[in-house]
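**Student:** I'm passing along coords-v7.tsv; it holds TSV, C-alpha atoms.
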chain	number	residue	atom	x	y	z
I	176	SER	CA	3.59	-28.03	-35.12
I	177	ARG	CA	5.74	-29.95	-32.66
I	178	ASP	CA	7.72	-33.20	-32.64
I	179	TRP	CA	6.49	-34.78	-29.41
I	180	SER	CA	8.93	-37.68	-29.59
I	181	SER	CA	11.67	-35.54	-28.02
I	182	ASP	CA	9.56	-35.15	-24.86
I	183	VAL	CA	9.11	-38.88	-24.26
I	184	CYS	CA	10.05	-39.74	-20.66
I	185	SER	CA	12.70	-36.99	-20.66
I	186	SER	CA	12.10	-35.88	-17.07
I	187	ASP	CA	12.20	-39.45	-15.73
I	188	LEU	CA	15.34	-40.25	-17.70
I	189	LYS	CA	17.13	-37.17	-16.36
I	190	ARG	CA	16.15	-38.14	-12.83
I	191	TYR	CA	17.76	-41.58	-13.11
I	192	PHE	CA	20.55	-41.18	-15.65
I	193	GLY	CA	21.46	-37.48	-15.72
I	194	ASN	CA	21.42	-35.07	-18.67
I	195	TYR	CA	24.15	-36.65	-20.82
I	196	LEU	CA	22.98	-40.27	-20.65
I	197	SER	CA	19.34	-39.29	-20.99
I	198	ARG	CA	20.15	-37.40	-24.21
I	199	LYS	CA	21.97	-40.44	-25.59
I	200	ILE	CA	19.08	-42.76	-24.70
I	201	LEU	CA	16.51	-40.42	-26.21
I	202	HIS	CA	18.58	-40.00	-29.37
I	203	ASN	CA	18.73	-43.77	-29.93
I	204	PHE	CA	15.10	-44.33	-28.92
I	205	THR	CA	13.54	-41.59	-31.04
I	206	ARG	CA	15.19	-42.89	-34.22
I	207	PHE	CA	12.52	-45.60	-34.14
I	208	VAL	CA	9.58	-43.40	-33.08
I	209	PRO	CA	7.58	-41.93	-35.98
I	210	ARG	CA	7.40	-38.16	-35.96
I	211	PHE	CA	3.96	-36.71	-35.38
I	212	VAL	CA	2.83	-33.30	-36.60
I	213	ARG	CA	-0.47	-31.64	-35.75
I	214	TRP	CA	-1.98	-28.36	-36.90
I	215	SER	CA	-5.34	-26.59	-36.79
I	216	TYR	CA	-6.74	-24.35	-39.52
I	217	GLY	CA	-3.72	-24.28	-41.78
I	218	PRO	CA	-1.75	-23.75	-43.87
I	219	VAL	CA	-1.95	-19.95	-44.06
I	220	ILE	CA	-1.52	-18.97	-47.71
I	221	PHE	CA	-0.92	-15.31	-48.50
I	222	ASP	CA	-0.94	-15.60	-52.29
I	223	GLU	CA	-3.74	-17.88	-53.52
I	224	SER	CA	-2.17	-18.13	-56.97
I	225	PHE	CA	0.39	-20.51	-55.38
I	226	GLN	CA	-2.23	-22.54	-53.52
I	227	ASN	CA	-1.85	-25.76	-55.54
I	228	GLU	CA	1.95	-25.65	-55.43
I	229	ILE	CA	1.94	-25.13	-51.66
I	230	MET	CA	-0.49	-28.00	-51.04
I	231	ASP	CA	1.46	-30.32	-53.35
I	232	SER	CA	4.75	-29.45	-51.62
I	233	LEU	CA	3.28	-29.95	-48.13
I	234	ALA	CA	1.79	-33.30	-49.14
I	235	GLU	CA	5.09	-34.42	-50.70
I	236	TRP	CA	7.05	-33.47	-47.58
I	237	LEU	CA	4.65	-35.38	-45.29
I	238	ASN	CA	4.59	-38.39	-47.59
I	239	ILE	CA	8.31	-38.71	-48.35
I	240	ASN	CA	9.29	-38.32	-44.70
I	241	LYS	CA	6.55	-40.75	-43.60
I	242	ILE	CA	5.32	-38.31	-40.99
I	243	MET	CA	2.21	-39.16	-39.01
I	244	PHE	CA	-0.03	-36.12	-38.85
I	245	HIS	CA	-3.46	-34.75	-38.07
I	246	GLY	CA	-4.35	-31.42	-39.65
I	247	THR	CA	-7.50	-29.43	-40.20
I	248	PHE	CA	-8.16	-26.81	-42.88
I	249	HIS	CA	-10.04	-23.62	-42.15
I	250	PRO	CA	-13.85	-23.68	-42.62
I	251	PHE	CA	-13.58	-20.71	-44.98
I	252	ASP	CA	-11.08	-22.60	-47.18
I	253	LYS	CA	-13.16	-25.46	-48.51
I	254	ASP	CA	-11.20	-25.52	-51.77
I	255	LEU	CA	-7.95	-26.41	-49.95
I	256	ILE	CA	-7.32	-30.14	-50.32
I	257	PHE	CA	-4.48	-32.63	-50.61
I	258	PRO	CA	-3.85	-34.45	-53.90
I	259	PRO	CA	-6.32	-37.39	-54.06
I	260	ASN	CA	-3.66	-39.93	-55.11
I	261	LEU	CA	-2.02	-39.90	-51.65
I	262	ASN	CA	-3.04	-42.29	-48.91
I	263	PHE	CA	-4.35	-39.65	-46.51
I	264	SER	CA	-7.65	-40.26	-44.72
I	265	LYS	CA	-10.17	-37.42	-45.05
I	266	GLU	CA	-13.09	-36.63	-42.75
I	267	THR	CA	-15.71	-33.88	-42.78
I	268	VAL	CA	-16.02	-32.08	-39.45
I	269	SER	CA	-18.13	-29.08	-38.46
I	270	THR	CA	-18.17	-25.99	-36.30
I	271	PHE	CA	-20.44	-23.05	-35.42
I	272	ILE	CA	-19.12	-19.55	-36.18
I	273	ILE	CA	-20.53	-16.17	-35.11
I	274	ASN	CA	-19.85	-13.07	-37.20
I	275	LEU	CA	-18.85	-10.46	-34.60
I	276	ASN	CA	-19.42	-7.68	-37.13
I	277	ASP	CA	-23.15	-8.21	-36.50
I	278	GLY	CA	-22.76	-6.38	-33.18
I	279	LEU	CA	-23.74	-7.29	-29.61
I	280	ASP	CA	-27.46	-6.59	-29.95
I	281	THR	CA	-27.92	-8.79	-33.03
I	282	ILE	CA	-25.71	-11.55	-31.65
I	283	LEU	CA	-27.66	-11.68	-28.39
I	284	LYS	CA	-30.97	-11.61	-30.24
I	285	ASN	CA	-29.88	-14.63	-32.29
I	286	THR	CA	-29.11	-16.71	-29.19
I	287	ASP	CA	-31.59	-19.04	-27.50
I	288	LYS	CA	-33.57	-16.80	-25.13
I	289	ASN	CA	-34.48	-19.66	-22.78
I	290	SER	CA	-30.90	-20.72	-22.23
I	291	VAL	CA	-28.15	-18.30	-23.30
I	292	GLN	CA	-30.00	-15.05	-22.59
I	293	LYS	CA	-31.42	-16.23	-19.27
I	294	ASN	CA	-28.16	-17.87	-18.21
I	295	ILE	CA	-26.18	-14.65	-18.74
I	296	LYS	CA	-28.62	-12.80	-16.47
I	297	ARG	CA	-28.62	-15.63	-13.93
I	298	ALA	CA	-24.81	-15.61	-13.72
I	299	GLU	CA	-24.76	-11.84	-13.25
I	300	ASN	CA	-27.53	-11.90	-10.62
I	301	ARG	CA	-25.87	-14.71	-8.67
I	302	GLY	CA	-22.61	-12.80	-8.38
I	303	VAL	CA	-20.35	-14.54	-10.90
I	304	LYS	CA	-17.31	-12.39	-11.76
I	305	ILE	CA	-15.06	-12.65	-14.82
I	306	THR	CA	-11.34	-11.82	-14.90
I	307	MET	CA	-8.70	-12.14	-17.60
I	308	ILE	CA	-5.83	-14.61	-17.24
I	309	LYS	CA	-2.72	-12.45	-16.96
I	310	SER	CA	-0.25	-13.54	-14.27
I	311	GLU	CA	1.59	-16.78	-13.50
I	312	GLU	CA	-0.76	-17.19	-10.55
I	313	ASP	CA	-3.72	-16.98	-12.94
I	314	TYR	CA	-2.12	-19.64	-15.15
I	315	SER	CA	-1.68	-21.89	-12.12
I	316	ILE	CA	-5.34	-21.45	-11.14
I	317	TYR	CA	-6.41	-22.18	-14.69
I	318	TYR	CA	-4.20	-25.27	-14.89
I	319	ASN	CA	-5.49	-26.74	-11.62
I	320	LEU	CA	-9.11	-26.09	-12.61
I	321	GLN	CA	-8.47	-27.61	-16.01
I	322	LYS	CA	-6.70	-30.65	-14.57
I	323	LYS	CA	-9.53	-31.46	-12.17
I	324	TYR	CA	-12.23	-30.92	-14.79
I	325	ARG	CA	-10.55	-33.15	-17.37
I	326	SER	CA	-9.88	-35.85	-14.80
I	327	GLU	CA	-13.51	-35.88	-13.68
I	328	ASN	CA	-14.63	-36.15	-17.31
I	329	LYS	CA	-12.06	-38.83	-18.23
I	330	LEU	CA	-10.28	-36.55	-20.70
I	331	GLU	CA	-6.55	-36.51	-21.42
I	332	PRO	CA	-4.92	-33.87	-19.19
I	333	TYR	CA	-2.95	-30.91	-20.45
I	334	LEU	CA	0.66	-30.59	-19.31
I	335	ARG	CA	1.42	-27.71	-16.93
I	336	GLY	CA	4.47	-26.75	-18.97
I	337	ASP	CA	2.49	-26.64	-22.20
I	338	ILE	CA	-0.04	-24.22	-20.69
I	339	TYR	CA	2.66	-21.87	-19.36
I	340	GLU	CA	4.85	-22.04	-22.44
I	341	GLY	CA	1.84	-21.76	-24.74
I	342	TYR	CA	0.76	-18.50	-23.15
I	343	LYS	CA	4.30	-17.12	-23.18
I	344	LEU	CA	4.82	-17.99	-26.83
I	345	LEU	CA	1.38	-17.40	-28.33
I	346	GLY	CA	0.21	-14.59	-26.05
I	347	LYS	CA	2.33	-12.18	-28.05
I	348	ILE	CA	0.47	-12.94	-31.29
I	349	GLY	CA	-3.01	-13.66	-29.97
I	350	TRP	CA	-3.78	-16.04	-27.10
I	351	ASP	CA	-5.74	-15.19	-23.95
I	352	GLY	CA	-8.21	-16.61	-21.48
I	353	PHE	CA	-10.83	-15.73	-18.87
I	354	LEU	CA	-11.59	-17.09	-15.39
I	355	ALA	CA	-15.03	-17.14	-13.75
I	356	TRP	CA	-15.29	-16.66	-9.98
I	357	PHE	CA	-17.93	-17.18	-7.30
I	358	ASN	CA	-17.23	-16.08	-3.71
I	359	ASP	CA	-13.49	-15.92	-4.51
I	360	GLU	CA	-13.52	-19.51	-5.83
I	361	PRO	CA	-12.57	-20.21	-9.48
I	362	ILE	CA	-15.52	-22.05	-11.04
I	363	GLY	CA	-14.87	-21.93	-14.78
I	364	ALA	CA	-12.45	-20.93	-17.53
I	365	ILE	CA	-12.09	-20.69	-21.29
I	366	SER	CA	-8.89	-19.96	-23.20
I	367	PHE	CA	-8.91	-18.77	-26.80
I	368	SER	CA	-6.70	-17.74	-29.68
I	369	HIS	CA	-7.48	-14.54	-31.59
I	370	PHE	CA	-4.82	-14.34	-34.27
I	371	ASN	CA	-5.84	-11.96	-37.07
I	372	GLY	CA	-9.12	-11.13	-35.31
I	373	TYR	CA	-10.40	-14.73	-35.40
I	374	ILE	CA	-11.43	-16.05	-31.97
I	375	HIS	CA	-11.16	-19.81	-31.57
I	376	GLU	CA	-12.15	-21.13	-28.15
I	377	SER	CA	-10.35	-24.00	-26.40
I	378	GLY	CA	-9.39	-25.30	-22.99
I	379	ILE	CA	-12.82	-25.21	-21.36
I	380	ALA	CA	-12.96	-25.98	-17.62
I	381	ARG	CA	-15.85	-26.06	-15.18
I	382	SER	CA	-16.04	-26.87	-11.45
I	383	LYS	CA	-18.65	-28.89	-9.58
I	384	THR	CA	-19.51	-25.73	-7.63
I	385	ASP	CA	-20.61	-24.11	-10.88
I	386	ASP	CA	-22.75	-27.11	-11.80
I	387	PHE	CA	-24.26	-27.67	-8.33
I	388	ASN	CA	-25.20	-24.00	-7.80
I	389	LYS	CA	-26.36	-23.49	-11.41
I	390	LEU	CA	-24.09	-20.50	-11.91
I	391	TYR	CA	-23.81	-20.89	-15.71
I	392	SER	CA	-20.20	-19.72	-15.86
I	393	GLN	CA	-19.62	-21.14	-19.36
I	394	ASP	CA	-22.32	-19.04	-21.01
I	395	PHE	CA	-21.20	-15.97	-19.04
I	396	LEU	CA	-17.57	-16.57	-20.04
I	397	ARG	CA	-18.48	-16.87	-23.72
I	398	TRP	CA	-20.51	-13.68	-23.58
I	399	ASN	CA	-17.60	-11.82	-21.98
I	400	ILE	CA	-15.23	-13.13	-24.66
I	401	ILE	CA	-17.64	-11.96	-27.37
I	402	GLU	CA	-17.81	-8.50	-25.75
I	403	TRP	CA	-14.01	-8.43	-25.48
I	404	GLY	CA	-13.67	-9.56	-29.10
I	405	ILE	CA	-15.89	-6.79	-30.44
I	406	LYS	CA	-14.05	-4.17	-28.37
I	407	ASN	CA	-10.75	-5.44	-29.77
I	408	ASN	CA	-11.92	-5.48	-33.41
I	409	CYS	CA	-12.14	-9.26	-33.75
I	410	ARG	CA	-14.33	-10.48	-36.61
I	411	TYR	CA	-15.38	-14.04	-35.82
I	412	TYR	CA	-16.01	-16.36	-32.87
I	413	ASP	CA	-15.45	-20.07	-33.59
I	414	PHE	CA	-16.92	-22.60	-31.14
I	415	ALA	CA	-14.19	-25.13	-31.96
I	416	GLY	CA	-16.04	-28.01	-33.49
I	417	VAL	CA	-19.11	-30.22	-33.19
I	418	LYS	CA	-19.90	-33.75	-34.31
I	419	THR	CA	-22.80	-34.03	-36.76
I	420	GLN	CA	-22.69	-37.73	-37.64
I	421	ASN	CA	-22.91	-40.88	-35.48
I	422	GLN	CA	-23.56	-38.73	-32.42
I	423	THR	CA	-23.50	-40.14	-28.91
I	424	SER	CA	-25.70	-38.57	-26.23
I	425	LYS	CA	-22.66	-36.51	-25.18
I	426	ASP	CA	-22.15	-35.31	-28.77
I	427	VAL	CA	-25.82	-34.24	-28.94
I	428	GLY	CA	-25.38	-32.21	-25.76
I	429	ILE	CA	-22.25	-30.49	-27.08
I	430	PHE	CA	-23.98	-29.77	-30.38
I	431	PHE	CA	-26.92	-28.04	-28.69
I	432	ASN	CA	-24.63	-26.19	-26.27
I	433	LYS	CA	-22.91	-24.53	-29.23
I	434	LYS	CA	-25.88	-24.27	-31.59
I	435	LYS	CA	-27.85	-22.24	-29.02
I	436	TRP	CA	-25.52	-19.28	-29.65
I	437	GLY	CA	-27.02	-18.75	-33.09
I	438	GLY	CA	-23.89	-19.14	-35.18
I	439	THR	CA	-23.69	-20.51	-38.73
I	440	LEU	CA	-22.73	-24.18	-39.11
I	441	TYR	CA	-19.71	-24.75	-41.38
I	442	ASP	CA	-18.12	-27.98	-42.60
I	443	TYR	CA	-14.36	-28.32	-43.07
I	444	TRP	CA	-11.74	-30.96	-43.82
I	445	SER	CA	-9.74	-33.00	-41.33
I	446	PHE	CA	-6.83	-35.08	-42.71
I	447	ARG	CA	-4.73	-37.80	-41.12
I	448	GLY	CA	-1.56	-39.34	-42.46
I	449	LYS	CA	-0.87	-43.04	-42.19
I	450	THR	CA	2.47	-44.69	-41.66
Take the structure in the file and give it back as structure tokens.
**Tutor:**
Amino acid sequence: SRDWSSDVCSSDLKRYFGNYLSRKILHNFTRFVPRFVRWSYGPVIFDESFQNEIMDSLAEWLNINKIMFHGTFHPFDKDLIFPPNLNFSKETVSTFIINLNDGLDTILKNTDKNSVQKNIKRAENRGVKITMIKSEEDYSIYYNLQKKYRSENKLEPYLRGDIYEGYKLLGKIGWDGFLAWFNDEPIGAISFSHFNGYIHESGIARSKTDDFNKLYSQDFLRWNIIEWGIKNNCRYYDFAGVKTQNQTSKDVGIFFNKKKWGGTLYDYWSFRGKT
């Protein structure tokens, strides 16, 4: 989790007021800004006999400190829940998960043959290449591809610093990514966490070149991540969420795009705290 209030306008303040004054201004300003905490697929509980005590303590801490939050519990932990007497909003969300222990042959067989299977072959035949994100130059390429993609799709951009620092911090415990190339041009990317052998995709990016030339980089990237995951003894591939209720046409497209991989649909809890 992270307290984002400390980042508010810090670079602009330093530019105009210098380090000392900017710290004083931020200190006074952030006293009135509610803290916000966000987490995905937590908490991690090592001894289930203390599950209720841990959930009660977490809920009490969030409630007493009046912390705004958005947290999701893992799909395999449906019995994890906050005490019902607290004023936390609860929503059911869903995701598709592939069991990598099934092996490549079974996983491929379970995919949609008219889209996934054909698209993997099309990408290979049309010369799409996949490389792993490793260097600072790779991170820069990924960031620029991501920035353009999210801008074109009217999505909130990621911060350059968060991408770099995220890889530096989380790469040591399980965070990687792949780039897709066509004629030396980056055309797609997917980043993913793989802590404890559990792959969770995120940070998808796709260029107009990929779309216009029908290069199918996203399906090829996912297949390469699945191959990498099996080679590195990962156990699951999580497609990072789908909407199953009140779907827009965009939601329907996302749902099919993930369903076509043949994974099992799981529901899980999403909680938000109110001020």
**Student:** Please return, as a list in words, all polymer residues that have at least one atom within 6 Å of the point (1.6, -35.5, -36.5); use all atoms listed in the file and the file's own coordinate frame.
**Tutor:** Phe211, Val212, Arg213, Met243, Phe244 and His245 of chain I
**Student:** Quick one: residues within 10 Å of I:Thr286, all atoms listed in the file, excluding same-chain residues fewer than 6 positions away - as a compact mmCIF listing (two decimals) with C-alpha atoms, in the frame of the given file?
**Tutor:**
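To be explicit, this is the file written out as around03.txt:
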# COMPACT_ATOMS: atom_id res chain seq x y z
CA GLN I 292 -30.00 -15.05 -22.59
CA LYS I 433 -22.91 -24.53 -29.23
CA LYS I 434 -25.88 -24.27 -31.59
CA LYS I 435 -27.85 -22.24 -29.02
CA TRP I 436 -25.52 -19.28 -29.65
CA GLY I 437 -27.02 -18.75 -33.09
CA GLY I 438 -23.89 -19.14 -35.18
**Student:** Leaving out I:Asp351 and any residue of its chain fewer than 4 positions from it, which residues lie within 7 Å of it when counting all atoms listed in the file, given as a PyMOL selection string?
**Tutor:** chain I and resi 308+346+366-368
**Student:** Which of these, I:Cys409, I:Tyr441, I:Asn371, I:Ile365, has the shortest distance to I:Arg397 once you count all atoms listed in the file?
**Tutor:** I:Ile365
**Student:** Under the rule that all atoms listed in the file are counted, which of I:Thr439, I:Ser215, I:Gln420, I:Gln393 is the nearest residue to I:Val268?
**Tutor:** I:Gln420
**Student:** Could you model all heavy atoms for stretch 330-341 of chain I and present them as a PDB file, keeping the file's coordinate frame?
**Tutor:**
ATOM      1  N   LEU I 330     -10.931 -37.125 -19.538  1.00  0.00           N
ATOM      2  CA  LEU I 330     -10.280 -36.550 -20.700  1.00  0.00           C
ATOM      3  C   LEU I 330      -8.774 -36.496 -20.458  1.00  0.00           C
ATOM      4  O   LEU I 330      -8.319 -36.379 -19.318  1.00  0.00           O
ATOM      5  CB  LEU I 330     -10.804 -35.122 -20.955  1.00  0.00           C
ATOM      6  CG  LEU I 330     -12.299 -34.991 -21.258  1.00  0.00           C
ATOM      7  CD1 LEU I 330     -12.709 -33.520 -21.258  1.00  0.00           C
ATOM      8  CD2 LEU I 330     -12.636 -35.635 -22.599  1.00  0.00           C
ATOM      9  N   GLU I 331      -8.003 -36.565 -21.532  1.00  0.00           N
ATOM     10  CA  GLU I 331      -6.550 -36.510 -21.420  1.00  0.00           C
ATOM     11  C   GLU I 331      -6.126 -35.159 -20.846  1.00  0.00           C
ATOM     12  O   GLU I 331      -6.555 -34.108 -21.341  1.00  0.00           O
ATOM     13  CB  GLU I 331      -5.912 -36.712 -22.795  1.00  0.00           C
ATOM     14  CG  GLU I 331      -4.398 -36.772 -22.753  1.00  0.00           C
ATOM     15  CD  GLU I 331      -3.795 -37.008 -24.121  1.00  0.00           C
ATOM     16  OE1 GLU I 331      -4.563 -37.318 -25.061  1.00  0.00           O
ATOM     17  OE2 GLU I 331      -2.569 -36.875 -24.258  1.00  0.00           O
ATOM     18  N   PRO I 332      -5.300 -35.142 -19.807  1.00  0.00           N
ATOM     19  CA  PRO I 332      -4.920 -33.870 -19.190  1.00  0.00           C
ATOM     20  C   PRO I 332      -3.944 -33.074 -20.030  1.00  0.00           C
ATOM     21  O   PRO I 332      -3.188 -33.638 -20.820  1.00  0.00           O
ATOM     22  CB  PRO I 332      -4.276 -34.307 -17.866  1.00  0.00           C
ATOM     23  CG  PRO I 332      -3.705 -35.656 -18.177  1.00  0.00           C
ATOM     24  CD  PRO I 332      -4.684 -36.294 -19.138  1.00  0.00           C
ATOM     25  N   TYR I 333      -3.969 -31.752 -19.848  1.00  0.00           N
ATOM     26  CA  TYR I 333      -2.950 -30.910 -20.450  1.00  0.00           C
ATOM     27  C   TYR I 333      -1.730 -30.888 -19.526  1.00  0.00           C
ATOM     28  O   TYR I 333      -1.858 -31.044 -18.308  1.00  0.00           O
ATOM     29  CB  TYR I 333      -3.461 -29.475 -20.626  1.00  0.00           C
ATOM     30  CG  TYR I 333      -4.604 -29.332 -21.594  1.00  0.00           C
ATOM     31  CD1 TYR I 333      -5.660 -28.455 -21.333  1.00  0.00           C
ATOM     32  CD2 TYR I 333      -4.645 -30.055 -22.778  1.00  0.00           C
ATOM     33  CE1 TYR I 333      -6.711 -28.311 -22.226  1.00  0.00           C
ATOM     34  CE2 TYR I 333      -5.683 -29.916 -23.671  1.00  0.00           C
ATOM     35  CZ  TYR I 333      -6.716 -29.045 -23.393  1.00  0.00           C
ATOM     36  OH  TYR I 333      -7.748 -28.911 -24.275  1.00  0.00           O
ATOM     37  N   LEU I 334      -0.550 -30.699 -20.098  1.00  0.00           N
ATOM     38  CA  LEU I 334       0.660 -30.590 -19.310  1.00  0.00           C
ATOM     39  C   LEU I 334       0.811 -29.170 -18.790  1.00  0.00           C
ATOM     40  O   LEU I 334       0.554 -28.202 -19.506  1.00  0.00           O
ATOM     41  CB  LEU I 334       1.883 -30.976 -20.142  1.00  0.00           C
ATOM     42  CG  LEU I 334       1.913 -32.409 -20.690  1.00  0.00           C
ATOM     43  CD1 LEU I 334       3.140 -32.595 -21.572  1.00  0.00           C
ATOM     44  CD2 LEU I 334       1.899 -33.426 -19.563  1.00  0.00           C
ATOM     45  N   ARG I 335       1.239 -29.043 -17.526  1.00  0.00           N
ATOM     46  CA  ARG I 335       1.420 -27.710 -16.930  1.00  0.00           C
ATOM     47  C   ARG I 335       2.381 -26.873 -17.758  1.00  0.00           C
ATOM     48  O   ARG I 335       2.127 -25.701 -18.031  1.00  0.00           O
ATOM     49  CB  ARG I 335       1.939 -27.840 -15.500  1.00  0.00           C
ATOM     50  CG  ARG I 335       2.136 -26.500 -14.797  1.00  0.00           C
ATOM     51  CD  ARG I 335       2.796 -26.686 -13.440  1.00  0.00           C
ATOM     52  NE  ARG I 335       1.924 -27.346 -12.501  1.00  0.00           N
ATOM     53  CZ  ARG I 335       1.093 -26.692 -11.675  1.00  0.00           C
ATOM     54  NH1 ARG I 335       1.038 -25.368 -11.718  1.00  0.00           N
ATOM     55  NH2 ARG I 335       0.347 -27.368 -10.847  1.00  0.00           N
ATOM     56  N   GLY I 336       3.480 -27.478 -18.185  1.00  0.00           N
ATOM     57  CA  GLY I 336       4.470 -26.750 -18.970  1.00  0.00           C
ATOM     58  C   GLY I 336       3.927 -26.255 -20.281  1.00  0.00           C
ATOM     59  O   GLY I 336       4.262 -25.157 -20.732  1.00  0.00           O
ATOM     60  N   ASP I 337       3.062 -27.053 -20.920  1.00  0.00           N
ATOM     61  CA  ASP I 337       2.490 -26.640 -22.200  1.00  0.00           C
ATOM     62  C   ASP I 337       1.586 -25.426 -22.039  1.00  0.00           C
ATOM     63  O   ASP I 337       1.542 -24.547 -22.901  1.00  0.00           O
ATOM     64  CB  ASP I 337       1.701 -27.787 -22.826  1.00  0.00           C
ATOM     65  CG  ASP I 337       2.608 -28.893 -23.355  1.00  0.00           C
ATOM     66  OD1 ASP I 337       3.806 -28.607 -23.541  1.00  0.00           O
ATOM     67  OD2 ASP I 337       2.131 -30.008 -23.565  1.00  0.00           O
ATOM     68  N   ILE I 338       0.838 -25.373 -20.937  1.00  0.00           N
ATOM     69  CA  ILE I 338      -0.040 -24.220 -20.690  1.00  0.00           C
ATOM     70  C   ILE I 338       0.787 -22.962 -20.480  1.00  0.00           C
ATOM     71  O   ILE I 338       0.528 -21.914 -21.086  1.00  0.00           O
ATOM     72  CB  ILE I 338      -0.961 -24.494 -19.489  1.00  0.00           C
ATOM     73  CG1 ILE I 338      -2.013 -25.545 -19.864  1.00  0.00           C
ATOM     74  CG2 ILE I 338      -1.632 -23.211 -19.012  1.00  0.00           C
ATOM     75  CD1 ILE I 338      -2.953 -25.923 -18.753  1.00  0.00           C
ATOM     76  N   TYR I 339       1.817 -23.036 -19.615  1.00  0.00           N
ATOM     77  CA  TYR I 339       2.660 -21.870 -19.360  1.00  0.00           C
ATOM     78  C   TYR I 339       3.397 -21.424 -20.622  1.00  0.00           C
ATOM     79  O   TYR I 339       3.386 -20.245 -20.990  1.00  0.00           O
ATOM     80  CB  TYR I 339       3.680 -22.181 -18.254  1.00  0.00           C
ATOM     81  CG  TYR I 339       3.084 -22.278 -16.877  1.00  0.00           C
ATOM     82  CD1 TYR I 339       3.518 -23.247 -15.971  1.00  0.00           C
ATOM     83  CD2 TYR I 339       2.095 -21.403 -16.456  1.00  0.00           C
ATOM     84  CE1 TYR I 339       2.971 -23.343 -14.701  1.00  0.00           C
ATOM     85  CE2 TYR I 339       1.549 -21.492 -15.194  1.00  0.00           C
ATOM     86  CZ  TYR I 339       1.993 -22.466 -14.317  1.00  0.00           C
ATOM     87  OH  TYR I 339       1.455 -22.556 -13.065  1.00  0.00           O
ATOM     88  N   GLU I 340       4.061 -22.382 -21.271  1.00  0.00           N
ATOM     89  CA  GLU I 340       4.850 -22.040 -22.440  1.00  0.00           C
ATOM     90  C   GLU I 340       3.957 -21.585 -23.601  1.00  0.00           C
ATOM     91  O   GLU I 340       4.330 -20.721 -24.383  1.00  0.00           O
ATOM     92  CB  GLU I 340       5.697 -23.245 -22.879  1.00  0.00           C
ATOM     93  CG  GLU I 340       6.779 -23.631 -21.883  1.00  0.00           C
ATOM     94  CD  GLU I 340       7.697 -22.472 -21.543  1.00  0.00           C
ATOM     95  OE1 GLU I 340       8.103 -21.741 -22.470  1.00  0.00           O
ATOM     96  OE2 GLU I 340       8.007 -22.298 -20.353  1.00  0.00           O
ATOM     97  N   GLY I 341       2.779 -22.172 -23.700  1.00  0.00           N
ATOM     98  CA  GLY I 341       1.840 -21.760 -24.740  1.00  0.00           C
ATOM     99  C   GLY I 341       1.443 -20.305 -24.604  1.00  0.00           C
ATOM    100  O   GLY I 341       1.422 -19.549 -25.581  1.00  0.00           O
TER     101      GLY I 341
END
